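One file, run_33.cif, carrying mmCIF, C-alpha atoms and all ligand atoms:
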```cif
data_target
loop_
_atom_site.label_atom_id
_atom_site.label_comp_id
_atom_site.auth_asym_id
_atom_site.auth_seq_id
_atom_site.Cartn_x
_atom_site.Cartn_y
_atom_site.Cartn_z
CA TRP A 87 21.51 -23.03 -18.45
CA LEU A 88 24.85 -24.54 -17.39
CA SER A 89 26.69 -21.48 -18.63
CA HIS A 90 24.04 -19.31 -16.91
CA GLU A 91 24.78 -21.07 -13.64
CA ALA A 92 28.51 -20.48 -14.06
CA ASP A 93 27.93 -16.79 -14.85
CA VAL A 94 25.55 -16.36 -11.89
CA ALA A 95 28.05 -17.95 -9.49
CA ALA A 96 30.90 -15.82 -10.84
CA ILE A 97 28.84 -12.62 -10.62
CA LEU A 98 27.80 -13.30 -7.02
CA GLU A 99 31.47 -13.81 -6.12
CA LEU A 100 32.61 -10.70 -8.02
CA LYS A 101 29.96 -8.57 -6.30
CA LYS A 102 31.46 -9.48 -2.91
CA LYS A 103 35.03 -9.01 -4.08
CA ARG A 104 34.38 -5.57 -5.57
CA ASN A 105 31.76 -4.38 -3.06
CA ALA A 106 29.38 -3.94 -5.98
CA VAL A 107 25.61 -3.83 -6.33
CA ILE A 108 23.57 -4.58 -9.41
CA LEU A 109 20.59 -2.35 -10.16
CA ALA A 110 18.28 -3.94 -12.71
CA HIS A 111 15.32 -2.48 -14.55
CA ASN A 112 12.06 -4.45 -14.76
CA TYR A 113 12.81 -5.18 -18.46
CA GLN A 114 15.88 -7.26 -17.71
CA THR A 115 15.59 -10.99 -18.37
CA PRO A 116 14.60 -13.22 -15.40
CA GLU A 117 18.09 -14.69 -14.97
CA ILE A 118 19.37 -11.14 -14.35
CA PHE A 119 16.28 -9.81 -12.55
CA HIS A 120 15.81 -12.79 -10.24
CA GLY A 121 19.31 -14.29 -10.47
CA VAL A 122 21.88 -11.57 -9.73
CA ALA A 123 20.18 -8.17 -9.15
CA ASP A 124 20.30 -6.53 -5.71
CA ILE A 125 17.83 -3.77 -6.49
CA VAL A 126 15.08 -3.98 -9.11
CA GLY A 127 12.36 -1.59 -10.16
CA ASP A 128 11.03 1.02 -12.54
CA SER A 129 13.02 4.11 -13.53
CA LEU A 130 11.81 6.04 -10.49
CA ALA A 131 12.70 3.30 -8.00
CA LEU A 132 16.11 2.83 -9.59
CA ALA A 133 16.83 6.57 -9.31
CA ARG A 134 15.59 6.70 -5.71
CA LYS A 135 17.53 3.61 -4.66
CA ALA A 136 20.66 4.67 -6.55
CA ALA A 137 20.75 7.70 -4.25
CA GLU A 138 20.92 5.39 -1.21
CA VAL A 139 23.45 2.82 -2.44
CA ASP A 140 26.29 2.02 -0.05
CA ALA A 141 28.82 0.26 -2.29
CA ASP A 142 31.94 1.10 -4.28
CA VAL A 143 30.63 -0.06 -7.62
CA ILE A 144 27.16 0.14 -9.21
CA VAL A 145 26.44 -2.04 -12.23
CA LEU A 146 23.40 -0.74 -14.05
CA ALA A 147 21.57 -3.56 -15.81
CA GLY A 148 19.44 -1.28 -17.94
CA VAL A 149 20.01 1.47 -20.48
CA HIS A 150 22.50 4.32 -20.62
CA PHE A 151 20.29 7.11 -19.27
CA MET A 152 19.66 5.02 -16.14
CA ALA A 153 23.40 4.59 -15.59
CA GLU A 154 23.94 8.33 -16.08
CA THR A 155 21.26 9.08 -13.50
CA ALA A 156 22.93 6.69 -11.04
CA LYS A 157 26.26 8.43 -11.68
CA LEU A 158 24.72 11.89 -11.15
CA LEU A 159 23.48 10.75 -7.76
CA ASN A 160 26.77 8.96 -6.89
CA PRO A 161 29.53 11.11 -8.36
CA THR A 162 32.29 9.43 -6.35
CA LYS A 163 31.27 5.84 -7.11
CA THR A 164 32.18 3.73 -10.10
CA VAL A 165 29.10 3.22 -12.29
CA LEU A 166 29.35 0.53 -14.95
CA ILE A 167 27.05 -0.37 -17.83
CA PRO A 168 27.77 -3.79 -19.39
CA ASP A 169 27.11 -2.50 -22.94
CA MET A 170 27.63 1.15 -23.89
CA GLY A 171 25.31 0.68 -26.87
CA ALA A 172 22.25 0.21 -24.66
CA GLY A 173 20.48 3.43 -25.66
CA CYS A 174 16.84 4.50 -25.94
CA SER A 175 14.79 5.91 -28.83
CA LEU A 176 13.34 8.55 -26.50
CA ALA A 177 16.75 9.74 -25.30
CA ASP A 178 17.89 9.89 -28.93
CA SER A 179 14.92 12.03 -29.99
CA ILE A 180 16.04 15.31 -28.42
CA THR A 181 19.22 17.35 -27.92
CA PRO A 182 20.07 20.19 -25.51
CA GLU A 183 19.90 22.55 -28.52
CA ASP A 184 16.28 21.47 -29.10
CA VAL A 185 15.55 22.22 -25.43
CA ALA A 186 17.11 25.69 -25.76
CA LEU A 187 14.91 26.40 -28.80
CA LEU A 188 11.81 25.26 -26.89
CA ARG A 189 12.72 27.63 -24.07
CA GLN A 190 13.10 30.49 -26.53
CA ALA A 191 9.76 29.70 -28.16
CA HIS A 192 7.93 29.47 -24.79
CA PRO A 193 9.61 31.96 -22.43
CA GLY A 194 8.93 31.33 -18.74
CA VAL A 195 7.25 27.94 -19.30
CA PRO A 196 8.95 25.26 -17.15
CA ILE A 197 10.51 22.31 -18.94
CA ILE A 198 9.88 18.86 -17.49
CA THR A 199 12.08 16.14 -18.93
CA TYR A 200 11.33 12.46 -18.76
CA VAL A 201 14.31 10.65 -17.21
CA ASN A 202 14.70 8.84 -20.54
CA THR A 203 17.07 11.58 -21.74
CA SER A 204 20.78 12.35 -21.72
CA ALA A 205 22.40 14.21 -18.83
CA ALA A 206 22.87 17.14 -21.26
CA VAL A 207 19.12 17.35 -21.87
CA LYS A 208 18.41 17.04 -18.15
CA ALA A 209 20.89 19.87 -17.51
CA ALA A 210 19.01 22.09 -19.99
CA SER A 211 15.64 21.33 -18.32
CA ASP A 212 14.07 22.38 -15.01
CA ILE A 213 12.91 19.12 -13.45
CA CYS A 214 12.71 15.43 -14.32
CA CYS A 215 9.79 13.04 -14.19
CA THR A 216 9.22 9.34 -14.81
CA SER A 217 6.08 7.53 -15.93
CA GLY A 218 5.50 6.79 -12.23
CA ASN A 219 5.24 10.43 -11.12
CA ALA A 220 4.63 12.51 -14.29
CA LYS A 221 1.20 13.86 -13.28
CA LYS A 222 2.45 14.70 -9.78
CA VAL A 223 5.47 16.55 -11.17
CA VAL A 224 3.32 18.51 -13.66
CA GLU A 225 0.91 19.58 -10.89
CA SER A 226 3.66 20.31 -8.36
CA LEU A 227 4.84 23.32 -10.34
CA GLY A 228 1.66 25.34 -9.75
CA VAL A 229 1.61 26.81 -13.28
CA PRO A 230 -1.03 26.67 -16.03
CA ARG A 231 1.33 25.47 -18.79
CA VAL A 232 4.38 23.21 -18.92
CA ILE A 233 6.61 21.78 -21.61
CA MET A 234 7.04 18.02 -21.30
CA ILE A 235 9.81 16.33 -23.29
CA PRO A 236 10.53 14.09 -25.14
CA ASP A 237 7.71 11.48 -25.11
CA GLU A 238 4.70 12.78 -27.01
CA TYR A 239 2.48 9.94 -25.86
CA LEU A 240 3.37 10.20 -22.18
CA ALA A 241 2.67 13.95 -22.42
CA ARG A 242 -0.69 13.37 -24.10
CA ASN A 243 -1.64 10.62 -21.65
CA VAL A 244 -0.84 12.91 -18.69
CA ALA A 245 -2.71 15.79 -20.37
CA ARG A 246 -5.90 13.71 -20.24
CA GLU A 247 -5.64 13.58 -16.45
CA THR A 248 -4.80 17.17 -15.56
CA ASP A 249 -6.00 20.73 -16.19
CA VAL A 250 -2.43 21.89 -16.77
CA GLU A 251 -1.77 22.59 -20.44
CA ILE A 252 1.09 20.43 -21.75
CA ILE A 253 3.28 21.34 -24.70
CA ALA A 254 4.76 18.09 -26.05
CA TRP A 255 7.79 17.03 -28.09
CA HIS A 256 7.63 14.38 -30.81
CA GLY A 257 9.75 11.56 -29.35
CA HIS A 258 8.37 8.02 -29.11
CA CYS A 259 9.43 4.78 -27.47
CA GLU A 260 10.14 2.33 -30.29
CA VAL A 261 8.73 -0.50 -28.17
CA HIS A 262 5.48 1.00 -26.90
CA GLU A 263 4.54 2.93 -30.05
CA LEU A 264 3.94 -0.45 -31.75
CA PHE A 265 0.85 -1.31 -29.67
CA THR A 266 -2.51 -0.41 -31.23
CA ALA A 267 -6.09 -0.13 -29.98
CA GLN A 268 -6.95 -2.95 -32.41
CA ASP A 269 -4.44 -5.17 -30.55
CA ILE A 270 -6.52 -4.66 -27.40
CA ARG A 271 -9.79 -5.52 -29.16
CA ASP A 272 -8.20 -8.67 -30.61
CA LEU A 273 -6.85 -9.65 -27.18
CA ARG A 274 -10.25 -9.19 -25.54
CA ASP A 275 -11.87 -11.33 -28.26
CA ALA A 276 -9.27 -14.09 -28.01
CA HIS A 277 -8.95 -14.09 -24.20
CA PRO A 278 -12.33 -13.27 -22.61
CA GLY A 279 -12.03 -11.46 -19.28
CA VAL A 280 -8.40 -10.50 -19.78
CA VAL A 281 -7.37 -7.40 -17.80
CA VAL A 282 -5.35 -5.08 -20.02
CA LEU A 283 -2.59 -2.99 -18.43
CA ALA A 284 -0.74 -0.48 -20.63
CA HIS A 285 2.41 1.54 -20.12
CA PRO A 286 1.87 5.32 -20.53
CA GLU A 287 4.48 5.38 -23.33
CA CYS A 288 1.79 3.65 -25.45
CA PRO A 289 -0.27 5.84 -27.82
CA PRO A 290 -3.23 7.58 -26.09
CA GLU A 291 -5.83 5.53 -27.97
CA VAL A 292 -4.21 2.38 -26.53
CA VAL A 293 -4.19 3.77 -22.98
CA ALA A 294 -7.84 4.84 -23.47
CA GLU A 295 -8.92 1.27 -24.27
CA ALA A 296 -6.80 -0.38 -21.58
CA ASP A 297 -8.26 -1.14 -18.13
CA PHE A 298 -5.39 0.54 -16.33
CA ALA A 299 -2.16 2.37 -17.18
CA GLY A 300 0.97 2.86 -15.13
CA SER A 301 4.73 2.56 -14.92
CA THR A 302 6.32 -0.87 -14.88
CA ALA A 303 6.36 -0.88 -11.06
CA VAL A 304 2.72 0.21 -10.92
CA MET A 305 1.76 -2.62 -13.31
CA SER A 306 3.62 -5.12 -11.17
CA ASP A 307 1.91 -3.80 -8.01
CA TYR A 308 -1.48 -3.96 -9.76
CA VAL A 309 -1.01 -7.68 -10.42
CA GLY A 310 0.15 -8.29 -6.83
CA ILE A 311 -2.76 -6.41 -5.27
CA ASN A 312 -5.63 -7.34 -7.59
CA LYS A 313 -4.47 -10.83 -8.62
CA PRO A 314 -6.46 -10.86 -11.89
CA ALA A 315 -7.17 -14.37 -13.17
CA ARG A 316 -5.84 -13.36 -16.59
CA VAL A 317 -3.81 -10.31 -17.51
CA VAL A 318 -1.82 -8.81 -20.37
CA LEU A 319 0.90 -6.22 -19.85
CA LEU A 320 1.26 -4.01 -22.92
CA THR A 321 4.95 -3.36 -22.52
CA GLU A 322 8.37 -4.98 -22.94
CA CYS A 323 8.45 -8.79 -22.96
CA SER A 324 10.52 -9.45 -19.84
CA MET A 325 7.98 -7.67 -17.62
CA SER A 326 5.49 -10.55 -17.73
CA ASP A 327 8.27 -13.12 -17.33
CA ASN A 328 9.53 -11.39 -14.17
CA VAL A 329 6.14 -10.72 -12.60
CA ALA A 330 4.87 -14.22 -13.44
CA VAL A 331 7.62 -15.79 -11.30
CA ASP A 332 5.97 -14.29 -8.19
CA HIS A 333 2.38 -14.96 -9.31
CA PRO A 334 2.06 -18.51 -10.67
CA GLU A 335 -1.71 -18.36 -10.13
CA VAL A 336 -2.14 -15.54 -12.68
CA ASP A 337 -2.49 -16.40 -16.37
CA PHE A 338 -0.27 -13.99 -18.33
CA VAL A 339 -1.26 -13.51 -21.97
CA ARG A 340 2.03 -12.55 -23.56
CA PRO A 341 2.00 -10.53 -26.74
CA CYS A 342 4.78 -8.05 -26.13
CA ASN A 343 7.49 -6.08 -27.88
CA LEU A 344 11.19 -6.50 -27.18
CA CYS A 345 13.42 -3.54 -26.37
CA PRO A 346 16.64 -4.20 -28.30
CA HIS A 347 18.52 -1.80 -26.02
CA MET A 348 17.52 -3.50 -22.77
CA LYS A 349 18.31 -6.85 -24.35
CA ARG A 350 21.95 -5.87 -24.92
CA ILE A 351 22.54 -6.59 -21.23
CA THR A 352 23.32 -10.24 -20.54
CA LEU A 353 24.73 -12.32 -17.69
CA ALA A 354 27.92 -12.72 -19.74
CA ASN A 355 28.52 -8.99 -20.15
CA ILE A 356 27.57 -8.25 -16.52
CA ARG A 357 30.25 -10.75 -15.50
CA LYS A 358 32.77 -9.16 -17.87
CA ALA A 359 31.86 -5.68 -16.60
CA LEU A 360 32.74 -6.70 -13.05
CA GLU A 361 35.85 -8.61 -14.07
CA GLU A 362 37.30 -5.89 -16.30
CA ASN A 363 35.66 -2.72 -14.94
CA LEU A 364 33.67 -2.16 -18.13
CA HIS A 365 32.20 0.28 -19.21
CA GLU A 366 32.57 3.20 -16.90
CA VAL A 367 29.84 5.83 -17.20
CA THR A 368 30.90 9.43 -16.65
CA VAL A 369 29.13 12.77 -16.96
CA ASP A 370 30.84 15.93 -18.24
CA ALA A 371 31.84 18.10 -15.29
CA GLU A 372 29.81 21.13 -16.39
CA LEU A 373 26.63 19.04 -16.70
CA VAL A 374 26.78 17.35 -13.31
CA ALA A 375 25.35 20.14 -11.12
CA PRO A 376 22.43 21.22 -13.37
CA ALA A 377 21.47 17.66 -14.39
CA ARG A 378 21.63 16.46 -10.80
CA LEU A 379 19.47 19.39 -9.71
CA ALA A 380 16.75 18.38 -12.19
CA VAL A 381 16.81 14.80 -10.82
CA GLU A 382 16.89 15.91 -7.18
CA ARG A 383 13.96 18.28 -7.68
CA MET A 384 11.97 15.29 -8.89
CA LEU A 385 13.09 13.08 -6.01
CA ALA A 386 12.07 15.78 -3.53
CA ILE A 387 8.43 15.60 -4.69
P1 LIG T 1 9.35 2.69 -16.18
O1 LIG T 1 10.03 1.45 -15.69
O2 LIG T 1 9.77 3.87 -15.39
O3 LIG T 1 7.88 2.52 -16.25
O4 LIG T 1 9.89 2.99 -17.65
C1 LIG T 1 9.75 2.17 -18.70
C2 LIG T 1 10.80 2.30 -19.70
O5 LIG T 1 10.57 2.20 -20.84
C3 LIG T 1 12.16 2.48 -19.23
O6 LIG T 1 12.97 2.43 -20.30
FE1 LIG T 2 13.72 3.40 -24.36
FE2 LIG T 2 11.42 2.25 -24.96
FE3 LIG T 2 13.56 0.73 -24.62
FE4 LIG T 2 12.44 1.95 -22.50
S1 LIG T 2 11.52 0.37 -23.76
S2 LIG T 2 14.62 1.87 -23.01
S3 LIG T 2 11.72 3.85 -23.43
S4 LIG T 2 13.28 2.28 -26.24
#
```
Representation of the structure as structure tokens:
Amino acid sequence: WLSHEADVAAILELKKKRNAVILAHNYQTPEIFHGVADIVGDSLALARKAAEVDADVIVLAGVHFMAETAKLLNPTKTVLIPDMGAGCSLADSITPEDVALLRQAHPGVPIITYVNTSAAVKAASDICCTSGNAKKVVESLGVPRVIMIPDEYLARNVARETDVEIIAWHGHCEVHELFTAQDIRDLRDAHPGVVVLAHPECPPEVVAEADFAGSTAVMSDYVGINKPARVVLLTECSMSDNVAVDHPEVDFVRPCNLCPHMKRITLANIRKALEENLHEVTVDAELVAPARLAVERMLAI
């Protein structure tokens, strides 16, 4: 904790010196989320707020696709990610060539890409979505069929809630795909009355047995509004740690799965990023306009 305190103090100083802001995803550890972040949230909130940032430098405490999205929305600002290796199994599951083949196979069908993708995949798609607005985006297009990439489970979970036909890809989140419906039954047996919240990247049979499903921000809001006596968040481990800080009266049951990509970000490498301007995230010039358009179409909804 002593070294944490030194890192926190140094980061707060460096933020002033460099006119920098830190955007942190809900899966960042509490010392980042509560200790040094200026803006926190789910992927949708981070994209929305990135578009409004008034600073010279943005440090994205999250994974690479989030930093790319921030850069697309702030082309003249310096966007840093403390560890370039912070990837995502969903983003890795699909290439722009795959998207081109999907378009060929389904002519005229719009392609909705989850924000958990590279800028190149966004550029090859028509519009983005996040887990917080996926159903809205699908229904906004006014068509009977859409292609939704790359998360198969998110696509199937949204398909249960809409009449629009959804053609899915076969990507999965390596964190959320590990939860099973049996986990939920075991949790209910072991912790009577527990309210089960699941992220829509979980398999459909998990979402079906949960009490409620939503993005990380929606889960956090659910706890704040409903104040369940006992709750479990079927998602990444830091979520409960961060939400619990604001709700000491709620009993958080904490089986969870760690995201190794999110966990690459630490106070130490955030400090180093600000000290040494590491690692600058850029987007290839020819991808900027089409990828940004896909993000902006989503933000306009
Ligand atoms: P949200 O925060 O948008 O729900 O996304 C979860 C996630 O897995 C981001 O990597
Ligand atoms: Fe990607 Fe899943 Fe990690 Fe989110 S939790 S960054 S979707 S691997």
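Relative to atom CA of Ile108 of chain A, atom CA of Glu91 of chain A is found at 17.1 Å.
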Inset, instruction - Rank nothing, just name the residue among A:Ile270, A:Met305, A:Val223, A:Met348 nearest to Ser175 of chain A, using all atoms listed in the file. - result: A:Met348
Legend entry - Interatomic distance (Å, one decimal) between atom CA of Leu176 of chain A and atom CA of His192 of chain A: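 The value is 21.7 Å.
Atom CA of Lys222 of chain A sits 14.4 Å away from atom CA of Val381 of chain A.
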Inset, instruction - Kindly work out which residues sit at most 10 Å from ligand LIG 1 (chain T), using all atoms listed in the file, and give the list as a PyMOL selection string. - result: chain A and resi 111-113+126-133+148-152+173-177+200-202+215-219+259-262+285-287+300-305+321-322+325+345+347-348
What are the centre and the three edge lengths of an axis-aligned box that wraps all atoms of ligand LIG 2 (chain T) in the file, given that 3 Å is added to every side, written as JSON and rounded to one decimal in Å?
```
{"center_x": 13.0, "center_y": 2.1, "center_z": -24.4, "size_x": 9.2, "size_y": 9.5, "size_z": 9.7}
```
Legend entry - Expected answer as a PyMOL selection string: all residues with atoms within 10 Å of (-2.1, -9.9, -10.3), only C-alpha atoms: chain A and resi 281+305-317+329-330+332-338
Written file, previous selection with C-alpha atoms, as a compact mmCIF listing (two decimals), in the frame of the given file:
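Output contents, as saved in selection35.txt:
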```txt
# COMPACT_ATOMS: atom_id res chain seq x y z
CA VAL A 281 -7.37 -7.40 -17.80
CA MET A 305 1.76 -2.62 -13.31
CA SER A 306 3.62 -5.12 -11.17
CA ASP A 307 1.91 -3.80 -8.01
CA TYR A 308 -1.48 -3.96 -9.76
CA VAL A 309 -1.01 -7.68 -10.42
CA GLY A 310 0.15 -8.29 -6.83
CA ILE A 311 -2.76 -6.41 -5.27
CA ASN A 312 -5.63 -7.34 -7.59
CA LYS A 313 -4.47 -10.83 -8.62
CA PRO A 314 -6.46 -10.86 -11.89
CA ALA A 315 -7.17 -14.37 -13.17
CA ARG A 316 -5.84 -13.36 -16.59
CA VAL A 317 -3.81 -10.31 -17.51
CA VAL A 329 6.14 -10.72 -12.60
CA ALA A 330 4.87 -14.22 -13.44
CA ASP A 332 5.97 -14.29 -8.19
CA HIS A 333 2.38 -14.96 -9.31
CA PRO A 334 2.06 -18.51 -10.67
CA GLU A 335 -1.71 -18.36 -10.13
CA VAL A 336 -2.14 -15.54 -12.68
CA ASP A 337 -2.49 -16.40 -16.37
CA PHE A 338 -0.27 -13.99 -18.33
```
Legend entry - Closest of A:Ala136, A:Ala284, A:Glu295, A:Ile213 to Leu240 of chain A - atom-to-atom distances counting all atoms listed in the file: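 Checking each of A:Ala136, A:Ala284, A:Glu295, A:Ile213 against Leu240 of chain A, counting all atoms listed in the file, the winner is A:Ala284.
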Write out as a compact mmCIF listing (two decimals) with C-alpha atoms, in the coordinates of the input which residues come within 9 Å of Ala241 of chain A when counting all atoms listed in the file, dropping same-chain ones fewer than 4 positions away.
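Wrote part_13.txt, looks like this:
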```
# COMPACT_ATOMS: atom_id res chain seq x y z
CA ALA A 220 4.63 12.51 -14.29
CA ILE A 233 6.61 21.78 -21.61
CA MET A 234 7.04 18.02 -21.30
CA ILE A 235 9.81 16.33 -23.29
CA PRO A 236 10.53 14.09 -25.14
CA ASP A 237 7.71 11.48 -25.11
CA ALA A 245 -2.71 15.79 -20.37
CA ARG A 246 -5.90 13.71 -20.24
CA ILE A 252 1.09 20.43 -21.75
CA ILE A 253 3.28 21.34 -24.70
CA ALA A 254 4.76 18.09 -26.05
CA TRP A 255 7.79 17.03 -28.09
CA PRO A 286 1.87 5.32 -20.53
CA GLU A 287 4.48 5.38 -23.33
```
